[in-house]
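File shown: query-v3.csv. Contents: CSV, C-alpha atoms.
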```
chain,number,residue,atom,x,y,z
A,1,MET,CA,-17.0,13.2,29.8
A,2,LYS,CA,-14.2,12.8,32.3
A,3,VAL,CA,-16.6,13.2,35.2
A,4,LEU,CA,-18.8,10.4,33.9
A,5,GLN,CA,-16.0,7.9,33.3
A,6,PRO,CA,-15.7,6.6,36.9
A,7,THR,CA,-19.4,6.0,37.0
A,8,LEU,CA,-19.4,4.2,33.7
A,9,THR,CA,-16.7,1.8,34.9
A,10,LYS,CA,-18.8,0.8,37.8
A,11,VAL,CA,-21.8,-0.2,35.7
A,12,PRO,CA,-20.6,-3.8,35.0
A,13,TRP,CA,-19.9,-4.4,38.7
A,14,ILE,CA,-23.3,-3.1,39.7
A,15,LEU,CA,-25.1,-5.2,37.1
A,16,ALA,CA,-23.2,-8.4,38.1
A,17,ALA,CA,-23.9,-7.7,41.8
A,18,LEU,CA,-27.6,-7.0,41.1
A,19,VAL,CA,-28.1,-10.2,39.1
A,20,LEU,CA,-26.3,-12.2,41.8
A,21,VAL,CA,-28.4,-10.7,44.6
A,22,VAL,CA,-31.7,-11.2,42.8
A,23,GLY,CA,-30.7,-14.8,42.1
A,24,VAL,CA,-30.0,-15.4,45.8
A,25,LEU,CA,-33.3,-13.9,46.8
A,26,LEU,CA,-35.3,-15.9,44.3
A,27,ASP,CA,-33.5,-19.1,45.4
A,28,LEU,CA,-34.3,-18.4,49.1
A,29,LEU,CA,-37.8,-16.9,48.9
A,30,ALA,CA,-39.4,-18.4,45.7
A,31,PRO,CA,-41.8,-21.2,46.3
A,32,GLU,CA,-40.2,-23.3,43.6
A,33,PRO,CA,-36.7,-24.6,44.1
A,34,TYR,CA,-33.8,-23.5,41.9
A,35,THR,CA,-35.7,-20.4,40.6
A,36,GLY,CA,-32.7,-18.2,41.0
A,37,LEU,CA,-30.1,-20.6,39.5
A,38,PRO,CA,-30.2,-19.0,36.0
A,39,LEU,CA,-29.5,-15.6,37.5
A,40,LEU,CA,-26.7,-17.0,39.6
A,41,ALA,CA,-25.1,-18.5,36.5
A,42,ALA,CA,-25.6,-15.2,34.6
A,43,ALA,CA,-23.5,-13.2,37.0
A,44,PRO,CA,-20.2,-14.8,35.9
A,45,LEU,CA,-21.2,-14.4,32.2
A,46,ILE,CA,-21.8,-10.7,32.7
A,47,ALA,CA,-18.5,-10.3,34.5
A,48,GLY,CA,-16.5,-12.3,31.9
A,49,ALA,CA,-17.9,-10.1,29.1
A,50,THR,CA,-17.4,-6.7,30.8
A,51,LEU,CA,-14.7,-6.9,33.5
A,52,SER,CA,-11.0,-7.7,33.6
A,53,PHE,CA,-9.9,-11.3,34.0
A,54,ARG,CA,-9.0,-10.8,37.6
A,55,SER,CA,-12.3,-9.2,38.4
A,56,ALA,CA,-14.2,-11.8,36.5
A,57,PHE,CA,-12.4,-14.6,38.3
A,58,ALA,CA,-13.3,-13.0,41.6
A,59,VAL,CA,-17.0,-12.9,40.6
A,60,VAL,CA,-16.9,-16.6,39.6
A,61,CYS,CA,-15.4,-17.6,42.9
A,62,VAL,CA,-18.0,-15.5,44.9
A,63,THR,CA,-20.8,-17.0,42.8
A,64,CYS,CA,-19.7,-20.5,43.5
A,65,VAL,CA,-19.5,-19.8,47.3
A,66,VAL,CA,-22.9,-18.2,47.2
A,67,SER,CA,-24.4,-21.1,45.4
A,68,VAL,CA,-23.1,-23.6,48.0
A,69,ALA,CA,-24.3,-21.3,50.8
A,70,VAL,CA,-27.8,-21.0,49.4
A,71,ASP,CA,-28.1,-24.8,49.0
A,72,VAL,CA,-26.8,-25.3,52.6
A,73,GLU,CA,-29.3,-22.7,53.8
A,74,ARG,CA,-32.2,-24.5,52.0
A,75,GLU,CA,-30.9,-27.9,53.4
A,76,ARG,CA,-30.7,-29.5,50.0
A,77,PRO,CA,-29.0,-32.9,49.7
A,78,ALA,CA,-25.4,-33.2,48.6
A,79,THR,CA,-26.2,-34.3,45.1
A,80,PRO,CA,-28.2,-31.2,44.1
A,81,LEU,CA,-25.6,-29.1,45.9
A,82,LEU,CA,-22.8,-30.5,43.8
A,83,VAL,CA,-24.9,-30.3,40.6
A,84,ASP,CA,-25.6,-26.6,41.3
A,85,LEU,CA,-21.9,-26.0,42.0
A,86,ALA,CA,-20.9,-27.8,38.8
A,87,VAL,CA,-23.4,-25.7,36.7
A,88,VAL,CA,-22.2,-22.4,38.1
A,89,GLY,CA,-18.5,-23.4,38.0
A,90,LEU,CA,-18.8,-24.6,34.3
A,91,ILE,CA,-20.5,-21.4,33.3
A,92,GLY,CA,-17.8,-19.5,35.2
A,93,VAL,CA,-15.0,-21.2,33.3
A,94,LEU,CA,-16.7,-20.5,30.0
A,95,ALA,CA,-17.0,-16.8,31.1
A,96,LEU,CA,-13.3,-16.7,31.8
A,97,VAL,CA,-12.6,-18.2,28.4
A,98,VAL,CA,-14.8,-15.6,26.8
A,99,ASN,CA,-13.0,-12.9,28.7
A,100,ARG,CA,-9.6,-14.0,27.3
A,101,LEU,CA,-11.0,-14.1,23.8
A,102,ILE,CA,-12.4,-10.6,24.1
A,103,VAL,CA,-9.2,-9.3,25.4
A,104,ARG,CA,-7.2,-10.9,22.6
A,105,GLN,CA,-9.6,-9.7,20.0
A,106,GLY,CA,-9.4,-6.1,21.4
A,107,ARG,CA,-5.6,-6.3,21.4
A,108,ASP,CA,-5.5,-7.4,17.8
A,109,LEU,CA,-8.0,-4.8,16.7
A,110,ALA,CA,-6.0,-2.0,18.5
A,111,ARG,CA,-2.8,-3.2,16.7
A,112,ALA,CA,-4.6,-3.2,13.4
A,113,ARG,CA,-5.9,0.3,14.0
A,114,ASP,CA,-2.4,1.5,15.0
A,115,VAL,CA,-1.0,0.1,11.8
A,116,ALA,CA,-3.8,1.7,9.7
A,117,GLU,CA,-3.3,5.1,11.4
A,118,ALA,CA,0.5,4.9,10.8
A,119,VAL,CA,-0.2,4.2,7.1
A,120,GLN,CA,-2.5,7.2,6.9
A,121,ARG,CA,-0.1,9.5,8.7
A,122,ALA,CA,2.6,8.4,6.2
A,123,VAL,CA,0.3,9.1,3.3
A,124,LEU,CA,-1.2,12.3,4.8
A,125,PRO,CA,1.4,14.0,6.9
A,126,ASP,CA,0.8,17.4,8.6
A,127,PRO,CA,1.4,20.3,6.3
A,128,PRO,CA,4.2,22.8,7.0
A,129,ARG,CA,3.4,25.6,9.4
A,130,GLU,CA,4.5,28.3,7.0
A,131,VAL,CA,4.8,28.3,3.2
A,132,GLY,CA,5.8,31.4,1.3
A,133,PRO,CA,3.5,34.3,2.2
A,134,VAL,CA,0.9,32.1,4.1
A,135,ALA,CA,0.6,30.4,7.5
A,136,VAL,CA,-1.0,26.9,7.4
A,137,ALA,CA,-3.1,24.8,9.8
A,138,ALA,CA,-5.0,21.6,9.3
A,139,GLY,CA,-7.3,19.3,11.3
A,140,TYR,CA,-8.7,15.9,10.7
A,141,THR,CA,-11.6,14.3,12.7
A,142,ALA,CA,-12.5,10.7,11.9
A,143,ALA,CA,-16.2,9.8,11.8
A,144,GLN,CA,-15.6,6.9,14.3
A,145,ALA,CA,-12.7,6.9,16.7
A,146,GLU,CA,-12.2,3.2,16.2
A,147,ALA,CA,-11.8,3.7,12.5
A,148,ARG,CA,-9.1,6.4,12.4
A,149,ILE,CA,-8.8,6.1,8.6
A,150,GLY,CA,-10.8,7.6,5.8
A,151,GLY,CA,-10.8,9.1,2.3
A,152,ASP,CA,-10.3,12.9,3.1
A,153,LEU,CA,-7.0,14.4,1.9
A,154,TYR,CA,-5.1,17.7,1.9
A,155,ALA,CA,-1.7,19.0,1.0
A,156,VAL,CA,0.2,22.3,0.7
A,157,GLN,CA,3.3,22.7,-1.4
A,158,GLN,CA,5.6,25.6,-2.5
A,159,THR,CA,6.0,25.6,-6.3
A,160,PRO,CA,7.7,27.8,-8.9
A,161,PHE,CA,4.2,29.2,-9.6
A,162,GLY,CA,3.2,30.0,-6.0
A,163,VAL,CA,1.8,28.2,-3.0
A,164,ARG,CA,-0.5,25.4,-4.2
A,165,MET,CA,-2.8,23.3,-2.1
A,166,ILE,CA,-5.5,20.7,-2.4
A,167,ILE,CA,-8.3,19.4,-0.3
A,168,GLY,CA,-10.3,16.5,-1.5
A,169,ASP,CA,-12.4,13.4,-0.7
A,170,VAL,CA,-12.1,10.1,-2.4
A,171,ARG,CA,-15.1,7.9,-2.8
A,172,GLY,CA,-14.9,5.1,-0.3
A,173,LYS,CA,-13.6,4.2,3.2
A,174,GLY,CA,-11.0,2.1,4.9
A,175,ILE,CA,-7.8,0.8,3.4
A,176,ALA,CA,-9.0,1.2,-0.2
A,177,ALA,CA,-9.7,4.8,0.5
A,178,VAL,CA,-6.2,5.3,1.9
A,179,ALA,CA,-4.7,3.7,-1.2
A,180,ALA,CA,-6.7,6.2,-3.4
A,181,VAL,CA,-5.6,9.1,-1.2
A,182,SER,CA,-2.0,8.1,-1.7
A,183,VAL,CA,-2.5,8.2,-5.5
A,184,ALA,CA,-4.2,11.6,-5.3
A,185,ILE,CA,-1.6,13.2,-3.1
A,186,GLY,CA,1.2,11.7,-5.2
A,187,ALA,CA,-0.3,13.1,-8.4
A,188,PHE,CA,-0.7,16.5,-6.8
A,189,ARG,CA,2.8,16.7,-5.5
A,190,GLN,CA,4.2,15.6,-8.9
A,191,GLU,CA,2.1,17.7,-11.2
A,192,ALA,CA,2.0,20.9,-9.0
A,193,GLU,CA,5.8,21.4,-9.7
A,194,TYR,CA,5.4,21.4,-13.5
A,195,ALA,CA,1.9,22.6,-14.5
A,196,SER,CA,2.2,26.3,-15.3
A,197,THR,CA,-1.5,27.1,-14.5
A,198,LEU,CA,-4.0,25.8,-12.0
A,199,ALA,CA,-6.2,24.8,-15.0
A,200,ALA,CA,-3.4,22.7,-16.4
A,201,LEU,CA,-2.7,21.2,-12.9
A,202,SER,CA,-6.4,20.2,-12.7
A,203,GLN,CA,-6.2,18.6,-16.2
A,204,ARG,CA,-3.0,16.7,-15.4
A,205,MET,CA,-4.4,15.4,-12.1
A,206,ASP,CA,-7.6,14.3,-13.8
A,207,GLU,CA,-5.6,12.3,-16.4
A,208,ALA,CA,-3.2,10.8,-13.8
A,209,LEU,CA,-6.0,9.6,-11.5
A,210,ALA,CA,-7.9,8.2,-14.5
A,211,ARG,CA,-4.8,6.3,-15.7
A,212,GLU,CA,-4.1,4.9,-12.2
A,213,ALA,CA,-7.7,3.8,-11.8
A,214,ALA,CA,-7.6,2.0,-15.1
A,215,ARG,CA,-4.4,0.0,-14.4
A,216,SER,CA,-4.5,-0.5,-10.7
A,217,GLY,CA,-7.4,-3.0,-10.5
A,218,PRO,CA,-10.3,-3.0,-8.0
A,219,LEU,CA,-8.4,-1.6,-5.1
A,220,ILE,CA,-8.3,1.9,-6.7
A,221,SER,CA,-10.9,1.7,-9.5
A,222,THR,CA,-13.7,0.9,-7.2
A,223,GLU,CA,-13.3,4.2,-5.4
A,224,GLY,CA,-14.4,5.8,-8.7
A,225,PHE,CA,-13.5,9.5,-8.3
A,226,THR,CA,-12.1,12.3,-6.1
A,227,THR,CA,-13.8,15.6,-5.4
A,228,ALA,CA,-11.3,18.3,-4.8
A,229,VAL,CA,-10.6,22.0,-4.6
A,230,LEU,CA,-7.2,23.1,-6.0
A,231,ALA,CA,-6.0,26.5,-4.8
A,232,GLU,CA,-3.0,28.7,-5.6
A,233,VAL,CA,-1.7,31.7,-3.7
A,234,SER,CA,0.5,34.0,-5.7
A,235,ALA,CA,4.1,34.7,-4.7
A,236,ASP,CA,3.2,38.0,-3.0
A,237,GLY,CA,0.1,36.5,-1.4
A,238,ALA,CA,-2.3,39.0,-2.9
A,239,ALA,CA,-4.1,36.8,-5.5
A,240,LEU,CA,-6.0,33.5,-4.8
A,241,SER,CA,-6.9,31.2,-7.7
A,242,LEU,CA,-9.4,28.4,-7.2
A,243,VAL,CA,-10.5,25.3,-9.3
A,244,ASN,CA,-13.4,23.4,-7.8
A,245,ARG,CA,-13.9,19.8,-9.1
A,246,GLY,CA,-17.2,18.8,-7.6
A,247,HIS,CA,-16.2,19.6,-4.0
A,248,PRO,CA,-17.9,21.7,-1.3
A,249,PRO,CA,-16.8,25.3,-1.9
A,250,PRO,CA,-14.2,27.0,0.3
A,251,TYR,CA,-14.7,30.1,2.4
A,252,LEU,CA,-12.9,33.4,2.7
A,253,VAL,CA,-12.6,34.5,6.3
A,254,HIS,CA,-11.6,38.1,6.9
A,255,GLY,CA,-12.5,40.8,9.4
A,256,GLY,CA,-15.1,38.8,11.2
A,257,ARG,CA,-16.9,37.9,8.0
A,258,ILE,CA,-17.2,34.6,6.1
A,259,VAL,CA,-17.9,34.5,2.4
A,260,ARG,CA,-18.5,31.3,0.5
A,261,LEU,CA,-16.5,31.1,-2.7
A,262,ASP,CA,-18.9,29.2,-5.0
A,263,PRO,CA,-17.4,28.2,-8.4
A,264,THR,CA,-18.6,30.2,-11.4
A,265,ALA,CA,-19.0,27.0,-13.4
A,266,PRO,CA,-19.7,23.5,-12.0
A,267,GLN,CA,-17.1,20.9,-12.9
A,268,LEU,CA,-16.8,17.1,-12.7
A,269,PRO,CA,-14.7,15.4,-10.0
A,270,LEU,CA,-11.2,14.2,-10.7
A,271,GLY,CA,-10.6,10.8,-12.2
A,272,VAL,CA,-14.0,10.1,-13.7
A,273,GLY,CA,-12.3,9.2,-17.0
A,274,LEU,CA,-13.7,12.1,-19.0
A,275,GLY,CA,-10.6,14.2,-19.1
A,276,GLU,CA,-10.0,13.4,-22.7
A,277,LEU,CA,-13.3,15.0,-23.7
A,278,ALA,CA,-12.2,18.4,-22.4
A,279,PRO,CA,-9.6,20.7,-24.1
A,280,ALA,CA,-6.3,21.0,-22.2
A,281,GLY,CA,-6.3,23.7,-19.6
A,282,SER,CA,-10.1,24.3,-20.0
A,283,ALA,CA,-10.9,24.1,-16.3
A,284,SER,CA,-12.7,27.2,-15.0
A,285,VAL,CA,-10.4,29.2,-12.7
A,286,ASP,CA,-11.8,31.7,-10.2
A,287,VAL,CA,-9.5,34.5,-9.0
A,288,VAL,CA,-10.2,36.5,-5.8
A,289,ARG,CA,-8.1,38.9,-3.7
A,290,LEU,CA,-6.5,37.7,-0.5
A,291,PRO,CA,-6.0,40.6,1.8
A,292,PRO,CA,-3.4,40.6,4.5
A,293,GLY,CA,-4.7,38.7,7.5
A,294,ALA,CA,-7.4,36.9,5.5
A,295,SER,CA,-7.8,33.2,5.6
A,296,LEU,CA,-8.9,30.6,3.0
A,297,LEU,CA,-10.9,27.9,4.7
A,298,LEU,CA,-11.2,24.6,2.9
A,299,VAL,CA,-13.3,21.8,4.2
A,300,THR,CA,-14.7,18.4,3.2
A,301,ASP,CA,-18.3,17.3,3.3
A,302,GLY,CA,-17.9,16.1,6.9
A,303,VAL,CA,-18.4,19.8,7.7
A,304,THR,CA,-21.0,20.9,5.2
A,305,GLU,CA,-23.1,17.8,5.6
A,306,ALA,CA,-23.0,17.7,9.4
A,307,ARG,CA,-26.6,17.8,10.8
A,308,ASP,CA,-28.1,18.7,14.1
A,309,SER,CA,-30.8,16.7,15.9
A,310,HIS,CA,-33.5,18.2,13.6
A,311,GLY,CA,-31.6,17.2,10.4
A,312,THR,CA,-30.5,20.8,9.6
A,313,PHE,CA,-27.2,21.0,7.7
A,314,TYR,CA,-24.3,23.0,9.3
A,315,ASP,CA,-23.3,26.2,7.4
A,316,PRO,CA,-20.2,28.0,8.5
A,317,VAL,CA,-21.5,31.3,7.0
A,318,ASP,CA,-24.4,31.3,9.5
A,319,SER,CA,-22.3,30.4,12.6
A,320,ALA,CA,-22.0,33.3,15.0
A,321,ARG,CA,-19.0,31.6,16.6
A,322,LEU,CA,-16.9,32.0,13.5
A,323,GLN,CA,-17.8,35.6,12.7
A,324,ARG,CA,-14.9,37.1,14.6
A,325,PRO,CA,-11.3,37.9,13.8
A,326,PHE,CA,-8.8,35.0,14.2
A,327,GLU,CA,-5.2,35.6,15.1
A,328,ASP,CA,-3.8,32.5,13.4
A,329,PRO,CA,-5.1,29.5,11.3
A,330,ASP,CA,-4.9,27.1,14.2
A,331,GLU,CA,-7.4,29.1,16.1
A,332,LEU,CA,-9.8,29.0,13.1
A,333,VAL,CA,-9.4,25.2,12.7
A,334,GLU,CA,-10.1,24.7,16.5
A,335,ALA,CA,-13.1,27.0,16.5
A,336,LEU,CA,-14.7,25.3,13.5
A,337,THR,CA,-14.0,21.8,14.8
A,338,GLU,CA,-15.6,22.7,18.2
A,339,ASP,CA,-18.6,24.4,16.4
A,340,VAL,CA,-19.3,21.4,14.3
A,341,GLY,CA,-19.1,19.1,17.3
A,342,ARG,CA,-21.5,21.4,19.2
A,343,TRP,CA,-23.9,21.4,16.2
A,344,THR,CA,-23.9,17.6,15.9
A,345,GLU,CA,-23.7,17.0,19.7
A,346,GLY,CA,-20.5,15.1,19.1
A,347,VAL,CA,-21.8,12.7,16.5
A,348,HIS,CA,-19.9,12.7,13.2
A,349,ALA,CA,-21.5,10.9,10.3
A,350,ASP,CA,-18.5,11.4,8.0
A,351,ASP,CA,-14.8,12.1,8.2
A,352,MET,CA,-14.0,15.9,8.6
A,353,ALA,CA,-10.9,17.5,7.1
A,354,ILE,CA,-10.2,21.2,7.5
A,355,LEU,CA,-7.3,23.2,5.9
A,356,VAL,CA,-6.7,26.9,6.6
A,357,VAL,CA,-4.2,29.1,4.9
A,358,THR,CA,-3.8,32.7,6.2
A,359,ARG,CA,-1.9,35.5,4.5
A,360,ARG,CA,0.6,36.8,6.9
A,361,GLY,CA,0.5,40.5,7.7
A,362,ARG,CA,-1.9,42.8,9.6
A,363,ALA,CA,-5.3,43.4,8.1
A,364,ALA,CA,-6.0,46.9,6.9
```

Target encoding structure tokens, full file:
Amino acid sequence: MKVLQPTLTKVPWILAALVLVVGVLLDLLAPEPYTGLPLLAAAPLIAGATLSFRSAFAVVCVTCVVSVAVDVERERPATPLLVDLAVVGLIGVLALVVNRLIVRQGRDLARARDVAEAVQRAVLPDPPREVGPVAVAAGYTAAQAEARIGGDLYAVQQTPFGVRMIIGDVRGKGIAAVAAVSVAIGAFRQEAEYASTLAALSQRMDEALAREAARSGPLISTEGFTTAVLAEVSADGAALSLVNRGHPPPYLVHGGRIVRLDPTAPQLPLGVGLGELAPAGSASVDVVRLPPGASLLLVTDGVTEARDSHGTFYDPVDSARLQRPFEDPDELVEALTEDVGRWTEGVHADDMAILVVTRRGRAA
């Protein structure tokens, strides 16, 4: 990409110069007069829409000079010469005005994106590098670089019951999604400290999100629900508990192998408003062993629904690039991000969040 950048910046210059040259040739060689005038007038417009103000101003001046030179060469009377110059000059002024408007709009858009990104960073800060018996790494890739905000979320927290974590995806995009993310993260951080079991934590979050959706109006309620995986690593790091609420299943990465941890029983997403129909603590909890050096890989649907050029979904289990030992969680996050980018050829249809927790200690 870096190699192509200088070439791409020359394209507007080449296009404006080409239009100008073709316009001059048509004006000089065409049997009908003024055939090339539309192209002469188009050169400043192209420059105004694609180049900097200084460069666009230079193109406008050059076009005016060329217009006069062509009329002199064709020995046209003074009145047509002045009319041609007025037409080219007026369009040049309009091109410069358009240039300033585009620059101002781009500046305002960049400022708005920066504010939105700051809001999301405040709502979704980077998790701690180490918590209890595990090391932690996370990655976030927006579907569109200009958007920078989305509805994916993750959090890791030390609690009296072990290390608890969540990865999820709220329904929706943009500022409304960030608002829903803040509610989900807040509910997790509050309830994770007091819910004695992962099933109780799931139930409490379900009720909290449903209550918030009911009283917060359209900004939150229109998002509808949040898919999530709740996980808990025991104090000694040996046991891993999982509750999956309608989210893509996590993976256990150990010894060069990847195993998908499908839930034993499917469950509804959080916040759908049906929590009162289920008995307290009734969520299905799956418990697996977490050996030393093993990693829990949690992802959002930006990973599992990534497609290649043939429409085939990406599957981490089938990726040869991930079937190797990883020294730390950051290495796994980077390898998965690069592998998904290679699979989709750099095109991301959805936001992609990745959370990896690795039990410290050497693998047996």

Go through A:Trp13, A:Phe188, A:Tyr194, A:Phe313 and flag the residue nearest Glu207 in chain A, using all atoms listed in the file for the distances.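 Smallest separation from Glu207 in chain A among the options: A:Phe188.
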
Would you mind telling me which residue in A:Leu20, A:Val156, A:Ala86, A:Leu209 lies nearest to Pro128 in chain A when using all atoms listed in the file?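 For Pro128 in chain A, the nearest of the given residues is A:Val156.
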
Between CA of Thr141 in chain A and CA of Pro325 in chain A, measure the distance and give it in Å to one decimal. 23.6 Å

Looking at all atoms listed in the file, which of A:Arg164, A:Arg211, A:Val183, A:Gly92 is the one that sits closest to Phe57 in chain A?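 Using all atoms listed in the file, the shortest distance to Phe57 in chain A belongs to A:Gly92.
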
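Closest approach to Met352 in chain A from the set A:Asp315, A:Glu334, A:Asp301, A:Asp27 is made by A:Asp301, with distances taken over all atoms listed in the file.
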
Nearest residue to Asp152 in chain A from the set A:Ala49, A:Ala214, A:Ala231, A:Ile354 (distances using only C-alpha atoms):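 Distance minimum relative to Asp152 in chain A lands on A:Ile354.
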
Any idea what the distance is between CA of Leu82 in chain A and CA of Val65 in chain A?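 Answer for the CA of Leu82 in chain A to CA of Val65 in chain A separation: 11.7 Å.
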
Tell me, as an NGL selection string, which residues lie within 7 Å of Gly36 in chain A, counting all atoms listed in the file; anything in the same chain fewer than 3 positions away does not count. :A and (23-24 or 26-27 or 39-40)

Up to 12 Å from (-2.9, 28.3, 7.7) in the file's coordinates: name the residues, counting only C-alpha atoms, as a PyMOL selection string. chain A and resi 126-139+155-156+163+165+233+253+293-298+326-334+354-360

Residue contacts of Gln323 in chain A (8 Å, only C-alpha atoms) excluding same-chain residues fewer than 2 positions away, as a PyMOL selection string: chain A and resi 256-258+319-321+325

Using Å and a single decimal, report how far CA of Thr227 in chain A sits from CA of Thr264 in chain A.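 The value is 16.5 Å.
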
Write out as a count of residues only which residues come within 10 Å of Ala17 in chain A when counting all atoms listed in the file, dropping same-chain ones fewer than 6 positions away. 9

Given all atoms listed in the file as the counted atoms, nearest of A:Ile166, A:Ala195, A:Leu29, A:Val243 to Val299 in chain A: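 That would be A:Ile166, the residue with the smallest distance to Val299 in chain A.
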
Please provide the set of residues having any atom within 9 Å of range 309-312 of chain A, restricted to only C-alpha atoms, with same-chain residues fewer than 4 positions apart removed, written as a tab-separated table (two decimals) with C-alpha atoms, keeping the file's coordinate frame.
```tsv
chain	number	residue	atom	x	y	z
A	305	GLU	CA	-23.10	17.80	5.60
A	343	TRP	CA	-23.90	21.40	16.20
A	344	THR	CA	-23.90	17.60	15.90
A	345	GLU	CA	-23.70	17.00	19.70
```

Can you list, as a PyMOL selection string, every protein, DNA or RNA residue that comes within 12 Å of Leu94 in chain A when you count all atoms listed in the file, leaving out same-chain residues fewer than 5 positions away? chain A and resi 41-42+44-49+56-57+60+87-89+99-101
